[in-house]
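Below is one structure, written out as C-alpha cells; comments come after it.
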Amino acid sequence: MNKQVEKKTVYNISQESILLAKKTRTELMEKGQITVICPKCQEHPEIITTPRGERTMVTCKCGYIISVDINL
Ligand SMILES: [Zn+2]
C-alpha cells in the first residue's frame with residue numbers, strides 16, 4: 001500500500017492513464033484510428049513519434065494521459 005501511494009505521488013500517473021495510453025497505441029496499430037477518450041478533457045489522445053522514431057509519446061490535451069516509449 002505504502003509503495004503504491006509513494007509511486008502515485010512521485011509520478012502523478014494513475015493506473016487508468018497508463019491503461020488508456022496502452023489502449024490508444026493498440027487501437028492505432030490495429031484499426032488505424034483512435035477511439036479512446038480522456039475521462040478528464042473528453043478529447044482523443046494523440047500519438048507523436050519523433051522524426052527518427054526513437055520515441056513514441058501518447059498525450060492528451062489536459063495531460064492526464066501521458067506515456068513515453070523509447071524505441072531502441
Ligand atoms: Zn485529457
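Ligands are numbered from 1 in the order shown, residues from 1 within each chain, and chains are lettered A, B, ... in the order they appear in the C-alpha cells.
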Selection within 7 Å of ligand 1 by only C-alpha atoms and all ligand atoms, output as number ranges by chain: A: 38-43, 60-65
Picked from chain A by DSSP as strand (DSSP E), as a list in words: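 Those residues are Glu46, Ile47, Ile48, Thr49, Arg55, Thr56, Met57, Val58, Thr59, Ile66, Ser67, Val68, Asp69 and Ile70 of chain A.
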Residues flagged helix (DSSP H, G or I) by DSSP in chain A, as a list in words: Asn2, Lys3, Gln4, Val5, Glu6, Lys7, Lys8, Thr9, Val10, Tyr11, Gln15, Glu16, Ser17, Ile18, Leu19, Leu20, Ala21, Lys22, Lys23, Thr24, Arg25, Thr26, Glu27, Leu28, Met29, Glu30 and Lys31 of chain A
Coordinates-based distance that separates CA of Ala21 in chain A from CA of Asn71 in chain A (Å, one decimal): 15.7 Å
CA of Ser17 in chain A to CA of Thr50 in chain A, distance in Å rounded to a single decimal: 21.3 Å
Selection: 12 Å around Thr49 in chain A, only C-alpha atoms, excl. self and same-chain fewer than 6 positions, as a list in words: Arg25, Arg55, Thr56, Met57, Val58, Thr59, Ser67, Val68, Asp69, Ile70 and Asn71 of chain A
How would the residues just picked look written out with C-alpha atoms as a PDB file, in the first residue's frame?
```
ATOM      1  CA  ARG A  25      -1.398   2.602 -29.091  1.00  0.00           C
ATOM      2  CA  ARG A  55      10.418   7.931 -29.098  1.00  0.00           C
ATOM      3  CA  THR A  56       6.683   7.479 -29.163  1.00  0.00           C
ATOM      4  CA  MET A  57       4.546   9.681 -26.973  1.00  0.00           C
ATOM      5  CA  VAL A  58       0.901   9.344 -26.130  1.00  0.00           C
ATOM      6  CA  THR A  59      -0.561  12.535 -24.712  1.00  0.00           C
ATOM      7  CA  SER A  67       3.179   7.904 -21.818  1.00  0.00           C
ATOM      8  CA  VAL A  68       6.587   7.964 -23.415  1.00  0.00           C
ATOM      9  CA  ASP A  69       8.155   4.938 -25.005  1.00  0.00           C
ATOM     10  CA  ILE A  70      11.766   4.821 -26.044  1.00  0.00           C
ATOM     11  CA  ASN A  71      12.195   2.582 -29.049  1.00  0.00           C
TER      12      ASN A  71
END
```
For Pro45 in chain A, the nearest of the candidates A:Ile66, A:Ile13, A:Leu72, A:Met29, counting only C-alpha atoms: A:Ile66
